[in-house]
Amino acid sequence: VQLQASGGGLVQPGGSLRLSCAASGGTLSSSTVGWFRQAQGKEREFVAAMRWNGSTTRYSDSVRGRFSITRDRAKNTLYLQMNSLKPEDTALYYCAATQRNLIHSSLGYETNYEIWGQGTQVTVSS
């Protein structure tokens with residue numbers, strides 16, 4: 001499976017963006033998928049993740065209530081809807097997947113994901 005992220009851009013504080021991550025070359029039906037981000041000069045951090053079957057979802061404290069992770073099974077695509085964006089959300093956003101159904105407590109660890117897309121840049125600035 002290969003992942004292709006898109007949808008990043010420049011947005012003003014308080015604005016919204018929707019990131020997409022299209023999967024090709026295989027199915028995600030038994031997978032866990034997620035989003036991570038890396039700000040310049042910082043380590044990559046967890047943003048949100050979910051089982052592809054929708055049975056569990058997890059968000060980082062910094063985005064909970066503002067971001068929403070969803071997927072379209074027919075399109076084999078993962079999304080990250082980002083609302084009320086803040087300058088501190090500026091980062092390179094990566095989508096990731098693993099061909100396992102992770103338990104809730106394991107969703108936030110990047111070492112559990114073996115498939116990564118290229119990043120898409122999100123810049124929040126006035």
# chains A, B, ... in the order shown; residues from 1 in each chain; ligands from 1
>>> closest_atom_pairs(of="range 40-111 of chain A", to="range 1-15 of chain A", cutoff="6 Å", atoms="only C-alpha atoms", output="JSON lines")
{"residue": "A:Ser84", "atom": "CA", "partner": "A:Gly14", "partner_atom": "CA", "distance": 4.2}
{"residue": "A:Leu85", "atom": "CA", "partner": "A:Gly14", "partner_atom": "CA", "distance": 4.8}
{"residue": "A:Lys86", "atom": "CA", "partner": "A:Pro13", "partner_atom": "CA", "distance": 5.1}
>>> residues_around(residues="Ala97 in chain A", least_positions_apart="5", cutoff="9 Å", atoms="only C-alpha atoms", output="list in words")
Val1, Leu3, Leu28, Ser31, Thr32, Val33, Gly34, Trp35, Asn112, Tyr113, Glu114, Ile115, Trp116 and Gly117 of chain A
>>> write_last_selection(atoms="C-alpha atoms", output="tab-separated table (two decimals), in the first residue's frame")
chain	number	residue	atom	x	y	z
A	1	VAL	CA	0.00	0.00	0.00
A	3	LEU	CA	-0.14	6.70	0.68
A	28	LEU	CA	-6.98	-0.70	4.19
A	31	SER	CA	-5.84	-1.31	9.03
A	32	THR	CA	-5.34	1.49	11.44
A	33	VAL	CA	-4.66	4.89	9.91
A	34	GLY	CA	-3.50	8.16	11.34
A	35	TRP	CA	-2.06	11.60	11.01
A	112	ASN	CA	3.32	1.20	15.30
A	113	TYR	CA	2.90	2.45	11.71
A	114	GLU	CA	4.95	0.98	8.89
A	115	ILE	CA	3.44	2.76	5.90
A	116	TRP	CA	3.96	6.51	5.50
A	117	GLY	CA	2.95	9.07	2.94
>>> residues_around(residues="Thr57 in chain A", least_positions_apart="6", cutoff="12 Å", atoms="only C-alpha atoms", output="PDB file with N, CA and C atoms, in the first residue's frame")
ATOM      1  N   THR A  32      -5.208   0.298  10.619  1.00  0.00           N
ATOM      2  CA  THR A  32      -5.336   1.486  11.443  1.00  0.00           C
ATOM      3  C   THR A  32      -4.609   2.604  10.703  1.00  0.00           C
ATOM      4  N   VAL A  33      -5.221   3.763  10.658  1.00  0.00           N
ATOM      5  CA  VAL A  33      -4.662   4.889   9.909  1.00  0.00           C
ATOM      6  C   VAL A  33      -4.578   6.110  10.808  1.00  0.00           C
ATOM      7  N   GLY A  34      -3.661   7.002  10.478  1.00  0.00           N
ATOM      8  CA  GLY A  34      -3.500   8.157  11.345  1.00  0.00           C
ATOM      9  C   GLY A  34      -2.786   9.307  10.686  1.00  0.00           C
ATOM     10  N   TRP A  35      -2.755  10.398  11.404  1.00  0.00           N
ATOM     11  CA  TRP A  35      -2.057  11.605  11.005  1.00  0.00           C
ATOM     12  C   TRP A  35      -1.047  11.995  12.089  1.00  0.00           C
ATOM     13  N   VAL A  47      -1.246  13.268  15.904  1.00  0.00           N
ATOM     14  CA  VAL A  47      -2.385  14.172  15.776  1.00  0.00           C
ATOM     15  C   VAL A  47      -3.697  13.428  15.986  1.00  0.00           C
ATOM     16  N   ALA A  48      -3.957  12.425  15.163  1.00  0.00           N
ATOM     17  CA  ALA A  48      -5.211  11.694  15.251  1.00  0.00           C
ATOM     18  C   ALA A  48      -5.062  10.353  14.555  1.00  0.00           C
ATOM     19  N   ALA A  49      -5.865   9.384  14.977  1.00  0.00           N
ATOM     20  CA  ALA A  49      -5.823   8.075  14.343  1.00  0.00           C
ATOM     21  C   ALA A  49      -7.152   7.359  14.541  1.00  0.00           C
ATOM     22  N   MET A  50      -7.385   6.375  13.701  1.00  0.00           N
ATOM     23  CA  MET A  50      -8.608   5.591  13.796  1.00  0.00           C
ATOM     24  C   MET A  50      -8.414   4.236  13.159  1.00  0.00           C
ATOM     25  N   ARG A  51      -9.187   3.273  13.603  1.00  0.00           N
ATOM     26  CA  ARG A  51      -9.260   2.021  12.880  1.00  0.00           C
ATOM     27  C   ARG A  51     -10.069   2.251  11.617  1.00  0.00           C
ATOM     28  N   ARG A  64      -7.950  17.970  19.914  1.00  0.00           N
ATOM     29  CA  ARG A  64      -9.275  17.427  20.209  1.00  0.00           C
ATOM     30  C   ARG A  64     -10.313  18.549  20.248  1.00  0.00           C
ATOM     31  N   PHE A  67     -10.099  19.213  15.345  1.00  0.00           N
ATOM     32  CA  PHE A  67      -9.800  18.363  14.194  1.00  0.00           C
ATOM     33  C   PHE A  67     -10.690  17.125  14.213  1.00  0.00           C
ATOM     34  N   SER A  68     -10.943  16.599  13.018  1.00  0.00           N
ATOM     35  CA  SER A  68     -11.756  15.392  12.904  1.00  0.00           C
ATOM     36  C   SER A  68     -11.153  14.466  11.847  1.00  0.00           C
ATOM     37  N   ILE A  69     -10.924  13.215  12.235  1.00  0.00           N
ATOM     38  CA  ILE A  69     -10.392  12.224  11.297  1.00  0.00           C
ATOM     39  C   ILE A  69     -11.537  11.362  10.792  1.00  0.00           C
ATOM     40  N   THR A  70     -11.600  11.205   9.486  1.00  0.00           N
ATOM     41  CA  THR A  70     -12.637  10.383   8.859  1.00  0.00           C
ATOM     42  C   THR A  70     -12.031   9.621   7.687  1.00  0.00           C
ATOM     43  N   ARG A  71     -12.799   8.690   7.151  1.00  0.00           N
ATOM     44  CA  ARG A  71     -12.337   7.959   5.972  1.00  0.00           C
ATOM     45  C   ARG A  71     -13.513   7.659   5.066  1.00  0.00           C
ATOM     46  N   ASN A 101      -5.097  -3.903  13.405  1.00  0.00           N
ATOM     47  CA  ASN A 101      -6.089  -3.164  14.178  1.00  0.00           C
ATOM     48  C   ASN A 101      -5.489  -2.868  15.554  1.00  0.00           C
ATOM     49  N   LEU A 102      -4.976  -1.655  15.691  1.00  0.00           N
ATOM     50  CA  LEU A 102      -4.334  -1.288  16.955  1.00  0.00           C
ATOM     51  C   LEU A 102      -5.378  -1.037  18.034  1.00  0.00           C
ATOM     52  N   ILE A 103      -4.997  -1.300  19.273  1.00  0.00           N
ATOM     53  CA  ILE A 103      -5.883  -0.955  20.378  1.00  0.00           C
ATOM     54  C   ILE A 103      -5.762   0.542  20.646  1.00  0.00           C
ATOM     55  N   HIS A 104      -6.742   1.084  21.346  1.00  0.00           N
ATOM     56  CA  HIS A 104      -6.835   2.531  21.540  1.00  0.00           C
ATOM     57  C   HIS A 104      -5.552   3.123  22.111  1.00  0.00           C
ATOM     58  N   SER A 105      -4.978   2.467  23.093  1.00  0.00           N
ATOM     59  CA  SER A 105      -3.791   3.010  23.760  1.00  0.00           C
ATOM     60  C   SER A 105      -2.553   3.011  22.877  1.00  0.00           C
ATOM     61  N   SER A 106      -2.594   2.300  21.768  1.00  0.00           N
ATOM     62  CA  SER A 106      -1.442   2.197  20.873  1.00  0.00           C
ATOM     63  C   SER A 106      -1.539   3.107  19.659  1.00  0.00           C
ATOM     64  N   LEU A 107      -2.673   3.781  19.495  1.00  0.00           N
ATOM     65  CA  LEU A 107      -2.904   4.566  18.280  1.00  0.00           C
ATOM     66  C   LEU A 107      -1.917   5.715  18.117  1.00  0.00           C
ATOM     67  N   GLY A 108      -1.411   6.235  19.196  1.00  0.00           N
ATOM     68  CA  GLY A 108      -0.611   7.452  19.118  1.00  0.00           C
ATOM     69  C   GLY A 108       0.882   7.267  18.947  1.00  0.00           C
TER      70      GLY A 108
END
>>> closest_residue(among="A:Asn76, A:Asn53, A:Ser62, A:Gln99", to="Arg37 in chain A", atoms="only C-alpha atoms")
A:Ser62
>>> atom_distance(atom1="CA of Tyr93 in chain A", atom2="CA of Arg58 in chain A")
16.5 Å
>>> select_by_dssp(residues="chain A", states="strand (DSSP E)", output="PyMOL selection string")
chain A and resi 2-6+9-11+17-24+32-38+45-51+57-59+67-72+77-82+91-98+115-116+120-124
>>> atom_distance(atom1="CA of Leu78 in chain A", atom2="CA of Arg100 in chain A")
16.1 Å
>>> residues_around(residues="Pro87 in chain A", least_positions_apart="2", cutoff="6 Å", atoms="only C-alpha atoms", output="NGL selection string")
:A and (89-90 or 124-125)
>>> closest_residue(among="A:Ala74, A:Ser30, A:Tyr94, A:Gly41", to="Ser55 in chain A", atoms="only C-alpha atoms")
A:Ser30
>>> residues_around(residues="Thr77 in chain A", least_positions_apart="2", cutoff="7 Å", atoms="only C-alpha atoms", output="MDAnalysis selection string")
chainID A and resid 20:23 71:73 75 79
>>> atom_distance(atom1="CA of Leu80 in chain A", atom2="CA of Leu17 in chain A")
8.2 Å
>>> closest_residue(among="A:Thr56, A:Ser29, A:Gln118, A:Gln40", to="Cys95 in chain A", atoms="only C-alpha atoms")
A:Gln118
>>> residues_around(residues="Gln38 in chain A", least_positions_apart="5", cutoff="6 Å", atoms="only C-alpha atoms", output="list in words")
Glu43, Arg44, Ala91 and Leu92 of chain A
